[in-house]
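protein_9.txt follows (compact mmCIF, C-alpha atoms and all ligand atoms):
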```txt
# COMPACT_ATOMS: atom_id res chain seq x y z
CA MET N 1 -24.19 -89.01 -18.78
CA ILE N 2 -24.25 -86.03 -21.08
CA ARG N 3 -27.78 -84.96 -21.89
CA HIS N 4 -28.04 -82.59 -24.78
CA PHE N 5 -31.63 -81.80 -25.47
CA HIS N 6 -32.47 -78.12 -25.66
CA ARG N 7 -30.69 -75.03 -26.59
CA LEU N 8 -32.21 -72.36 -24.41
CA TYR N 9 -32.75 -69.06 -26.13
CA LEU N 10 -32.50 -66.98 -23.00
CA PHE N 11 -33.10 -63.32 -23.58
CA PRO N 12 -31.79 -60.80 -24.32
CA VAL N 13 -30.77 -62.58 -27.49
CA LEU N 14 -27.47 -60.96 -28.16
CA ALA N 15 -26.19 -63.73 -30.38
CA THR N 16 -29.38 -63.74 -32.39
CA LYS N 17 -29.22 -59.99 -32.81
CA GLN N 18 -25.76 -60.18 -34.28
CA LYS N 19 -26.62 -63.08 -36.48
CA PHE N 20 -29.73 -61.53 -37.99
CA SER N 21 -28.96 -57.85 -38.02
CA SER N 22 -28.73 -57.92 -41.81
CA VAL N 23 -32.38 -58.97 -42.32
CA PRO N 24 -34.15 -56.12 -44.13
CA PHE N 25 -36.84 -54.20 -42.28
CA ILE N 26 -40.22 -54.40 -44.00
CA PRO N 27 -41.93 -50.99 -43.83
CA SER N 28 -45.38 -51.15 -42.30
CA THR N 29 -46.84 -49.18 -45.22
CA SER N 30 -46.40 -52.26 -47.40
CA ILE N 31 -49.10 -54.07 -45.47
CA ILE N 32 -51.70 -51.35 -45.16
CA GLY N 33 -54.82 -52.30 -47.00
CA THR N 34 -53.50 -55.76 -47.79
CA ARG N 35 -54.93 -58.98 -46.41
CA TRP N 36 -51.55 -60.47 -45.59
CA HIS N 37 -52.92 -62.71 -42.91
CA SER N 38 -51.92 -66.35 -42.60
CA THR N 39 -55.40 -67.25 -43.71
CA ILE N 40 -54.29 -66.34 -47.23
CA THR N 41 -52.10 -69.43 -47.13
CA VAL N 42 -55.02 -71.41 -45.77
CA GLU N 43 -57.13 -70.19 -48.68
CA GLN N 44 -54.52 -71.47 -51.06
CA SER N 45 -54.11 -74.85 -49.43
CA VAL N 46 -57.63 -75.94 -48.52
CA SER N 47 -60.32 -76.12 -51.15
CA ASN N 48 -63.20 -75.56 -48.77
CA HIS N 49 -61.44 -72.87 -46.79
CA ASN N 50 -64.09 -70.24 -46.73
CA SER N 51 -67.09 -72.09 -45.40
CA ARG N 52 -64.99 -74.20 -43.02
CA LEU N 53 -62.76 -71.62 -41.44
CA ARG N 54 -65.27 -68.79 -41.91
CA LEU N 55 -62.45 -66.55 -43.04
CA ILE N 56 -64.65 -63.56 -43.78
CA GLU N 57 -66.27 -63.82 -40.37
CA ASP N 58 -62.82 -64.08 -38.84
CA GLU N 59 -61.82 -60.92 -40.68
CA TYR N 60 -64.95 -59.16 -39.41
CA CYS N 61 -64.25 -60.34 -35.83
CA ASN N 62 -60.70 -59.09 -36.12
CA ASP N 63 -61.82 -55.71 -37.44
CA HIS N 64 -64.20 -55.33 -34.50
CA SER N 65 -61.77 -56.29 -31.75
CA THR N 66 -59.36 -53.97 -29.94
CA PRO N 67 -56.06 -54.19 -31.80
CA PHE N 68 -52.71 -54.80 -30.17
CA PRO N 69 -50.66 -51.70 -29.27
CA PRO N 70 -49.14 -50.20 -32.47
CA LEU N 71 -45.61 -51.50 -31.89
CA ILE N 72 -46.88 -55.05 -31.30
CA GLU N 73 -49.32 -54.85 -34.19
CA GLN N 74 -46.54 -53.75 -36.50
CA ALA N 75 -44.17 -56.49 -35.32
CA MET N 76 -46.87 -59.15 -35.76
CA ASN N 77 -47.79 -57.87 -39.23
CA GLU N 78 -44.19 -57.86 -40.36
CA LEU N 79 -43.55 -61.27 -38.82
CA ALA N 80 -46.58 -62.66 -40.64
CA LEU N 81 -45.32 -61.24 -43.93
CA GLU N 82 -41.87 -62.67 -43.45
CA THR N 83 -43.28 -66.03 -42.38
CA ILE N 84 -45.49 -66.18 -45.48
CA LYS N 85 -42.48 -65.28 -47.63
CA GLU N 86 -40.16 -67.85 -46.05
CA TYR N 87 -42.40 -70.79 -45.15
CA ARG N 88 -44.69 -72.83 -47.38
CA ASN N 89 -46.51 -73.96 -44.25
CA ALA N 90 -47.10 -70.39 -43.06
CA HIS N 91 -50.75 -71.30 -42.52
CA MET N 92 -49.57 -72.84 -39.22
CA MET N 93 -49.59 -69.33 -37.79
CA ASN N 94 -52.55 -68.65 -35.58
CA SER N 95 -55.34 -66.37 -36.81
CA LYS N 96 -55.17 -62.77 -35.60
CA THR N 97 -58.50 -63.14 -33.82
CA ALA N 98 -57.26 -66.20 -31.95
CA THR N 99 -54.17 -64.29 -30.81
CA LEU N 100 -56.47 -61.51 -29.59
CA LEU N 101 -58.29 -64.15 -27.56
CA LEU N 102 -55.00 -65.29 -26.02
CA ARG N 103 -54.28 -61.68 -25.09
CA GLN N 104 -57.76 -61.27 -23.62
CA TRP N 105 -57.35 -64.47 -21.62
CA ILE N 106 -54.10 -63.25 -20.10
CA SER N 107 -55.56 -59.82 -19.34
CA LEU N 108 -58.55 -61.42 -17.62
CA PHE N 109 -56.97 -64.23 -15.65
CA ARG N 110 -53.42 -62.88 -15.20
CA PRO N 111 -51.50 -66.16 -15.34
CA ALA N 112 -48.06 -65.91 -13.78
CA ARG N 113 -46.54 -68.66 -15.88
CA VAL N 114 -47.56 -69.47 -19.44
CA LEU N 115 -46.34 -72.34 -21.62
CA GLU N 116 -46.69 -72.54 -25.38
CA ILE N 117 -46.14 -75.89 -27.08
CA GLY N 118 -45.32 -75.07 -30.72
CA THR N 119 -43.69 -71.67 -31.29
CA PHE N 120 -43.22 -71.79 -35.06
CA THR N 121 -42.16 -68.21 -35.95
CA GLY N 122 -43.62 -66.73 -32.78
CA TYR N 123 -46.85 -65.12 -33.96
CA SER N 124 -48.90 -66.22 -30.95
CA THR N 125 -45.80 -65.96 -28.75
CA ILE N 126 -45.60 -62.22 -29.38
CA ALA N 127 -49.32 -61.83 -28.70
CA MET N 128 -49.09 -63.61 -25.35
CA ALA N 129 -45.81 -61.95 -24.36
CA SER N 130 -47.28 -58.51 -25.03
CA ALA N 131 -50.22 -59.28 -22.75
CA LEU N 132 -47.93 -60.65 -20.04
CA SER N 133 -45.71 -57.58 -20.21
CA ALA N 134 -48.72 -55.30 -19.87
CA GLN N 135 -49.56 -56.77 -16.45
CA ARG N 136 -48.32 -54.96 -13.36
CA HIS N 137 -46.67 -58.16 -12.11
CA HIS N 138 -45.22 -59.34 -15.37
CA GLY N 139 -45.84 -62.99 -16.06
CA SER N 140 -43.43 -65.17 -17.98
CA LEU N 141 -43.76 -67.36 -21.02
CA ILE N 142 -41.83 -70.46 -22.06
CA SER N 143 -42.33 -71.55 -25.65
CA LEU N 144 -41.26 -74.94 -27.05
CA GLU N 145 -40.20 -75.61 -30.63
CA LYS N 146 -38.18 -78.36 -32.27
CA ASP N 147 -36.96 -76.40 -35.32
CA SER N 148 -34.20 -73.84 -34.94
CA ALA N 149 -34.93 -71.71 -38.04
CA PRO N 150 -38.47 -70.54 -37.15
CA LEU N 151 -37.34 -70.19 -33.55
CA ALA N 152 -34.60 -67.77 -34.60
CA LEU N 153 -37.19 -65.72 -36.49
CA ALA N 154 -39.38 -65.69 -33.38
CA ALA N 155 -36.42 -64.54 -31.27
CA ARG N 156 -35.67 -61.70 -33.68
CA TYR N 157 -39.24 -60.40 -33.71
CA LEU N 158 -39.65 -60.73 -29.94
CA GLU N 159 -36.61 -58.59 -29.55
CA ARG N 160 -37.88 -56.07 -32.08
CA ALA N 161 -41.15 -55.84 -30.15
CA GLY N 162 -39.25 -55.29 -26.90
CA LEU N 163 -40.62 -58.51 -25.43
CA SER N 164 -37.46 -60.57 -25.06
CA ASP N 165 -37.42 -60.37 -21.27
CA ALA N 166 -40.83 -61.99 -20.97
CA VAL N 167 -40.03 -65.08 -23.02
CA THR N 168 -37.78 -68.13 -22.91
CA LEU N 169 -37.66 -70.09 -26.14
CA MET N 170 -36.68 -73.73 -25.72
CA GLU N 171 -35.44 -75.62 -28.73
CA GLY N 172 -35.99 -79.37 -28.71
CA ASP N 173 -38.62 -82.06 -28.82
CA ALA N 174 -41.66 -80.83 -26.89
CA LEU N 175 -42.14 -84.06 -24.95
CA GLU N 176 -38.56 -84.01 -23.77
CA SER N 177 -38.90 -80.34 -22.83
CA LEU N 178 -42.08 -81.07 -20.88
CA LEU N 179 -40.35 -83.84 -18.94
CA ASN N 180 -37.48 -81.51 -18.11
CA LEU N 181 -39.83 -78.78 -16.95
CA ALA N 182 -41.60 -81.37 -14.80
CA ASN N 183 -38.27 -82.48 -13.32
CA ASP N 184 -37.68 -78.85 -12.39
CA LYS N 185 -41.13 -78.86 -10.69
CA ILE N 186 -42.35 -75.94 -12.80
CA GLN N 187 -46.13 -75.47 -13.04
CA PHE N 188 -48.08 -73.36 -15.50
CA ASP N 189 -51.30 -71.39 -15.14
CA MET N 190 -51.97 -71.41 -18.87
CA ILE N 191 -50.76 -73.85 -21.51
CA PHE N 192 -51.34 -73.14 -25.19
CA LEU N 193 -51.14 -76.49 -27.00
CA ASP N 194 -50.34 -75.84 -30.65
CA ALA N 195 -47.65 -78.31 -31.82
CA ASP N 196 -47.95 -81.46 -33.97
CA LYS N 197 -51.51 -82.72 -33.77
CA GLY N 198 -50.40 -86.35 -33.60
CA GLY N 199 -48.55 -85.52 -30.38
CA TYR N 200 -51.46 -83.85 -28.59
CA ILE N 201 -52.46 -86.89 -26.52
CA LYS N 202 -48.94 -87.52 -25.23
CA TYR N 203 -48.39 -83.83 -24.44
CA TYR N 204 -51.76 -83.62 -22.70
CA ASP N 205 -51.19 -86.77 -20.64
CA THR N 206 -47.68 -85.65 -19.70
CA ILE N 207 -49.01 -82.26 -18.57
CA LEU N 208 -51.59 -83.89 -16.30
CA GLU N 209 -49.56 -86.84 -15.10
CA LYS N 210 -46.41 -84.82 -14.39
CA ASN N 211 -48.36 -82.07 -12.65
CA LEU N 212 -47.34 -79.32 -15.05
CA LEU N 213 -50.73 -77.58 -14.80
CA SER N 214 -51.48 -75.56 -11.66
CA ASP N 215 -54.76 -76.32 -9.87
CA ASN N 216 -56.60 -73.39 -11.44
CA GLY N 217 -54.65 -73.56 -14.66
CA VAL N 218 -56.01 -73.98 -18.16
CA ILE N 219 -54.98 -75.83 -21.30
CA LEU N 220 -56.04 -74.13 -24.54
CA ALA N 221 -55.81 -76.74 -27.30
CA ASP N 222 -55.77 -75.29 -30.82
CA ASN N 223 -56.92 -76.73 -34.18
CA VAL N 224 -59.36 -79.18 -32.60
CA LEU N 225 -61.64 -78.87 -35.66
CA TYR N 226 -58.68 -79.19 -38.06
CA PHE N 227 -59.76 -77.49 -41.30
CA GLY N 228 -63.36 -78.39 -40.59
CA GLN N 229 -62.66 -82.08 -41.22
CA VAL N 230 -62.68 -83.57 -37.73
CA HIS N 231 -66.46 -83.91 -37.41
CA ARG N 232 -66.52 -85.43 -40.89
CA VAL N 233 -63.98 -88.16 -40.13
CA ALA N 234 -65.91 -88.73 -36.89
CA GLY N 235 -68.96 -89.57 -39.03
CA TYR N 236 -71.13 -86.53 -38.39
CA HIS N 237 -73.62 -86.07 -41.21
CA GLU N 238 -73.52 -83.07 -43.52
CA ASP N 239 -75.71 -82.08 -46.44
CA GLN N 240 -72.84 -80.80 -48.51
CA PRO N 241 -69.69 -82.57 -47.37
CA ALA N 242 -66.52 -80.92 -48.61
CA PRO N 243 -63.72 -83.32 -49.56
CA ALA N 244 -60.24 -82.86 -48.18
CA SER N 245 -56.87 -84.36 -49.02
CA LYS N 246 -55.74 -87.71 -47.57
CA ASN N 247 -53.21 -85.93 -45.44
CA ILE N 248 -55.75 -83.56 -43.91
CA ASN N 249 -58.09 -86.48 -43.22
CA ARG N 250 -55.27 -88.42 -41.59
CA MET N 251 -54.50 -85.47 -39.32
CA ALA N 252 -58.20 -84.94 -38.66
CA ARG N 253 -58.46 -88.52 -37.37
CA LYS N 254 -55.58 -87.85 -34.97
CA VAL N 255 -57.28 -84.70 -33.75
CA ASP N 256 -60.54 -86.63 -33.31
CA ALA N 257 -58.67 -89.19 -31.20
CA PHE N 258 -57.39 -86.34 -29.01
CA ASN N 259 -60.87 -84.82 -28.72
CA GLN N 260 -62.30 -88.19 -27.66
CA HIS N 261 -59.44 -88.66 -25.21
CA VAL N 262 -60.25 -85.34 -23.51
CA ARG N 263 -64.00 -85.99 -23.55
CA GLN N 264 -63.51 -89.33 -21.79
CA ASP N 265 -61.09 -87.97 -19.22
CA ASP N 266 -62.70 -87.69 -15.77
CA ARG N 267 -59.85 -85.54 -14.52
CA VAL N 268 -60.92 -82.49 -16.50
CA GLN N 269 -63.79 -80.27 -17.52
CA ALA N 270 -63.65 -79.08 -21.14
CA VAL N 271 -65.52 -76.98 -23.66
CA MET N 272 -64.83 -77.02 -27.38
CA LEU N 273 -65.51 -73.86 -29.38
CA PRO N 274 -65.61 -73.29 -33.15
CA LEU N 275 -63.18 -70.38 -32.93
CA PHE N 276 -61.33 -70.26 -36.25
CA ASP N 277 -59.84 -73.78 -36.49
CA GLY N 278 -61.40 -74.90 -33.19
CA LEU N 279 -60.22 -74.35 -29.62
CA THR N 280 -60.83 -76.52 -26.54
CA ILE N 281 -60.61 -74.90 -23.11
CA ILE N 282 -59.63 -77.49 -20.51
CA LYS N 283 -59.39 -77.17 -16.72
CA LYS N 284 -58.83 -79.68 -13.97
CA LYS N 285 -61.95 -80.71 -12.05
C1 LIG P 301 -49.07 -74.92 -35.59
S1 LIG P 301 -47.37 -74.53 -35.46
C2 LIG P 301 -47.34 -73.39 -34.13
C3 LIG P 301 -47.92 -72.06 -34.53
C4 LIG P 301 -47.63 -70.93 -33.58
N1 LIG P 301 -48.17 -71.18 -32.26
C5 LIG P 301 -48.16 -69.64 -34.17
O1 LIG P 301 -49.22 -69.18 -33.79
O2 LIG P 301 -47.53 -69.13 -35.11
C6 LIG P 301 -46.73 -76.00 -34.76
C7 LIG P 301 -45.24 -75.97 -34.45
O3 LIG P 301 -44.94 -77.11 -33.63
C8 LIG P 301 -43.65 -77.55 -33.98
N2 LIG P 301 -43.50 -78.94 -33.58
C9 LIG P 301 -43.97 -80.05 -34.23
N3 LIG P 301 -43.61 -81.16 -33.58
C10 LIG P 301 -42.89 -80.78 -32.51
C11 LIG P 301 -42.22 -81.47 -31.46
N4 LIG P 301 -42.24 -82.80 -31.38
N5 LIG P 301 -41.58 -80.75 -30.54
C12 LIG P 301 -41.56 -79.39 -30.58
N6 LIG P 301 -42.17 -78.68 -31.55
C13 LIG P 301 -42.82 -79.36 -32.51
C14 LIG P 301 -43.57 -77.36 -35.48
O4 LIG P 301 -42.22 -77.32 -35.89
C15 LIG P 301 -44.34 -76.06 -35.67
O5 LIG P 301 -43.46 -74.97 -35.73
```
How does the structure come out when it is put into structure tokens?
Amino acid sequence: MIRHFHRLYLFPVLATKQKFSSVPFIPSTSIIGTRWHSTITVEQSVSNHNSRLRLIEDEYCNDHSTPFPPLIEQAMNELALETIKEYRNAHMMNSKTATLLLRQWISLFRPARVLEIGTFTGYSTIAMASALSAQRHHGSLISLEKDSAPLALAARYLERAGLSDAVTLMEGDALESLLNLANDKIQFDMIFLDADKGGYIKYYDTILEKNLLSDNGVILADNVLYFGQVHRVAGYHEDQPAPASKNINRMARKVDAFNQHVRQDDRVQAVMLPLFDGLTIIKKK
């Protein structure tokens, strides 16, 4: 039987380079002094953005954290600009502070194998790949994404940042990719879960049931407070509740179901933190 599921973007991405060599280079000077960050898109799309996502605090945290090396910083800034220009849902990009946390995590715990579920245009992929490449024994990163267009953008910027060797981009449905990785008996020391929120439970269960997480490995699940609406749909009282759209509430209920699922799971120990849009750190017991 012919199984055609993923196209593997194995690096170096020669084909991608040829295909996208005509994309104009955005000079870094165009971003100096400008708040280009993906949170701009969040500001535009969520009425209660500021109090919920604490954008100003996030900016302050970012300004008081060690930046990425200049080449990486420049690539990430330019990627963010291009993503905002090309994608209406550019707010899906991680916050800069959260990517700095991913880097810090890799520097501290030195995972050999990292998996990202949800590449989008590769903002957090570049951050993690740069940290993996900085280790003496370079770790590797596999990133899963169903859409080819943002994946091609990610490939181009990874190459520009000199990080292509550290990353394998897999195009296809994440669940299918997970099952294939499990068939290949691959285990990960760190899994960054950042794809469709409605799929979190099935990805999480597949990771645990198919033994994709190493014994001391960690799952970092992003957006677990989804625009500050998850505790609201879960019925937690607030003095000044901020209304959100039907769609955000619907997603928030799915995220709440995932959060409850993890909380009730005896196999793991978890802590949820209000970092930007919420992050749960999960390890096996
Ligand atoms: C929140 S974005 C990822 C953001 C990215 N980590 C970053 O920091 O820029 C979620 C991504 O998951 C992808 N996605 C959604 N459903 C998927 C699926 N079933 N399989 C693979 N990828 C999926 C979306 O296309 C989207 O690009």
TODO: Provide the atom CA of Arg250 of chain N to atom CA of Tyr200 of chain N distance in Å, to one decimal place.
DONE: 14.3 Å
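Among the candidates N:Ser245, N:Gln74, N:Asn259, N:Asn216, the one nearest to His231 of chain N when counting all atoms listed in the file is N:Asn259.
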- [ ] Name the closest residue to Ala149 of chain N among the candidates N:Lys254, N:Leu275, N:Tyr87, N:Ser130; distances are taken between atoms, counting only C-alpha atoms.
- [x] N:Tyr87
Open item on the list: So, with only C-alpha atoms as the atoms that count, which of N:Thr97, N:Gln229, N:Gln187, N:Ser65 lies closest to Ala112 of chain N?
Closed with: N:Gln187
Could you give me, as a Markdown table, every chain N residue with an atom at most 7 Å from ligand LIG 301 (chain P), plus its closest atom pair and distance in Å to one decimal, counting all atoms listed in the file, rows ordered by chain then number?
```
| residue | atom | partner | partner_atom | distance |
| --- | --- | --- | --- | --- |
| N:Met92 | CA | P:LIG301 | C1 | 4.2 |
| N:Met93 | CA | P:LIG301 | O2 | 3.4 |
| N:Asn94 | CA | P:LIG301 | O1 | 3.8 |
| N:Ile117 | CA | P:LIG301 | N6 | 6.6 |
| N:Gly118 | CA | P:LIG301 | O3 | 3.6 |
| N:Thr119 | CA | P:LIG301 | N1 | 4.6 |
| N:Phe120 | CA | P:LIG301 | O5 | 3.3 |
| N:Thr121 | CA | P:LIG301 | O2 | 5.5 |
| N:Gly122 | CA | P:LIG301 | O2 | 5.1 |
| N:Tyr123 | CA | P:LIG301 | O2 | 4.2 |
| N:Ser124 | CA | P:LIG301 | O1 | 4.1 |
| N:Thr125 | CA | P:LIG301 | N1 | 6.7 |
| N:Leu144 | CA | P:LIG301 | C12 | 5.7 |
| N:Glu145 | CA | P:LIG301 | N6 | 3.8 |
| N:Lys146 | CA | P:LIG301 | C12 | 3.9 |
| N:Asp147 | CA | P:LIG301 | O4 | 5.4 |
| N:Pro150 | CA | P:LIG301 | O5 | 6.8 |
| N:Gly172 | CA | P:LIG301 | C12 | 5.9 |
| N:Asp173 | CA | P:LIG301 | N5 | 3.7 |
| N:Ala174 | CA | P:LIG301 | N5 | 3.7 |
| N:Leu175 | CA | P:LIG301 | N5 | 6.5 |
| N:Asp194 | CA | P:LIG301 | C1 | 5.2 |
| N:Ala195 | CA | P:LIG301 | O3 | 3.5 |
| N:Asp196 | CA | P:LIG301 | C9 | 4.2 |
| N:Gly199 | CA | P:LIG301 | N4 | 6.9 |
```
Closest pair table for segment 138-161 of chain N residues within 12 Å of segment 76-79 of chain N, all atoms listed in the file, as CSV:
```
residue,atom,partner,partner_atom,distance
N:Pro150,CA,N:Leu79,CA,10.7
N:Ala152,CA,N:Leu79,CA,11.8
N:Leu153,CA,N:Leu79,CA,8.1
N:Ala154,CA,N:Leu79,CA,8.2
N:Ala155,CA,N:Leu79,CA,10.9
N:Arg156,CA,N:Leu79,CA,9.4
N:Tyr157,CA,N:Leu79,CA,6.7
N:Leu158,CA,N:Met76,CA,9.4
N:Glu159,CA,N:Leu79,CA,11.9
N:Arg160,CA,N:Met76,CA,10.2
N:Ala161,CA,N:Met76,CA,8.7
```
Output file for the selection above: C-alpha atoms, as a tab-separated table (two decimals), in the coordinates of the input:
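Saved result, result.tsv, follows:
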```tsv
chain	number	residue	atom	x	y	z
N	150	PRO	CA	-38.47	-70.54	-37.15
N	152	ALA	CA	-34.60	-67.77	-34.60
N	153	LEU	CA	-37.19	-65.72	-36.49
N	154	ALA	CA	-39.38	-65.69	-33.38
N	155	ALA	CA	-36.42	-64.54	-31.27
N	156	ARG	CA	-35.67	-61.70	-33.68
N	157	TYR	CA	-39.24	-60.40	-33.71
N	158	LEU	CA	-39.65	-60.73	-29.94
N	159	GLU	CA	-36.61	-58.59	-29.55
N	160	ARG	CA	-37.88	-56.07	-32.08
N	161	ALA	CA	-41.15	-55.84	-30.15
```
- [ ] Tell me, as number ranges by chain, which residues lie within 10 Å of Gln104 of chain N, counting all atoms listed in the file; anything in the same chain fewer than 5 positions away does not count.
- [x] N: 66, 98-99, 109-110, 127-128, 131
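With atom CA of Ser140 of chain N on one side and atom CA of Lys210 of chain N on the other, the separation reads 20.2 Å.
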TODO: For atom CA of Leu132 of chain N and atom CA of Ile106 of chain N, quote the distance in Å rounded to one decimal.
DONE: 6.7 Å
Task: Contact residues around segment 232-244 of chain N with only C-alpha atoms at 7 Å, ignoring same-chain residues under 3 positions, as a VMD selection string - done: chain N and resid 48 229 248 to 249 252 to 253 256
Please rebuild segment 233-252 of chain N with N, CA and C atoms and give the result as a tab-separated table (two decimals), in the coordinates of the input.
```
chain	number	residue	atom	x	y	z
N	233	VAL	N	-64.61	-86.84	-40.31
N	233	VAL	CA	-63.98	-88.16	-40.13
N	233	VAL	C	-64.60	-88.89	-38.94
N	234	ALA	N	-65.24	-88.11	-38.04
N	234	ALA	CA	-65.91	-88.73	-36.89
N	234	ALA	C	-67.31	-89.23	-37.28
N	235	GLY	N	-67.70	-89.00	-38.53
N	235	GLY	CA	-68.96	-89.57	-39.03
N	235	GLY	C	-70.18	-88.69	-38.84
N	236	TYR	N	-69.98	-87.42	-38.54
N	236	TYR	CA	-71.13	-86.53	-38.39
N	236	TYR	C	-71.67	-86.16	-39.76
N	237	HIS	N	-72.99	-86.25	-39.90
N	237	HIS	CA	-73.62	-86.07	-41.21
N	237	HIS	C	-73.60	-84.61	-41.65
N	238	GLU	N	-73.43	-84.41	-42.96
N	238	GLU	CA	-73.52	-83.07	-43.52
N	238	GLU	C	-74.21	-83.13	-44.86
N	239	ASP	N	-75.01	-82.10	-45.16
N	239	ASP	CA	-75.71	-82.08	-46.44
N	239	ASP	C	-74.74	-81.93	-47.60
N	240	GLN	N	-73.78	-81.05	-47.41
N	240	GLN	CA	-72.84	-80.80	-48.51
N	240	GLN	C	-71.41	-81.04	-48.03
N	241	PRO	N	-71.04	-82.30	-47.87
N	241	PRO	CA	-69.69	-82.57	-47.37
N	241	PRO	C	-68.64	-82.05	-48.34
N	242	ALA	N	-67.59	-81.47	-47.77
N	242	ALA	CA	-66.52	-80.92	-48.61
N	242	ALA	C	-65.31	-81.83	-48.50
N	243	PRO	N	-64.85	-82.38	-49.62
N	243	PRO	CA	-63.72	-83.32	-49.56
N	243	PRO	C	-62.42	-82.62	-49.19
N	244	ALA	N	-61.56	-83.39	-48.53
N	244	ALA	CA	-60.24	-82.86	-48.18
N	244	ALA	C	-59.19	-83.87	-48.59
N	245	SER	N	-57.94	-83.47	-48.59
N	245	SER	CA	-56.87	-84.36	-49.02
N	245	SER	C	-56.70	-85.50	-48.00
N	246	LYS	N	-56.01	-86.55	-48.45
N	246	LYS	CA	-55.74	-87.71	-47.57
N	246	LYS	C	-54.99	-87.27	-46.33
N	247	ASN	N	-54.04	-86.37	-46.55
N	247	ASN	CA	-53.21	-85.93	-45.44
N	247	ASN	C	-54.04	-85.18	-44.39
N	248	ILE	N	-54.92	-84.30	-44.86
N	248	ILE	CA	-55.75	-83.56	-43.91
N	248	ILE	C	-56.68	-84.52	-43.18
N	249	ASN	N	-57.23	-85.50	-43.89
N	249	ASN	CA	-58.09	-86.48	-43.22
N	249	ASN	C	-57.33	-87.30	-42.18
N	250	ARG	N	-56.09	-87.64	-42.52
N	250	ARG	CA	-55.27	-88.42	-41.59
N	250	ARG	C	-55.04	-87.61	-40.30
N	251	MET	N	-54.71	-86.33	-40.50
N	251	MET	CA	-54.50	-85.47	-39.32
N	251	MET	C	-55.81	-85.28	-38.56
N	252	ALA	N	-56.89	-85.15	-39.31
N	252	ALA	CA	-58.20	-84.94	-38.66
N	252	ALA	C	-58.55	-86.13	-37.77
```
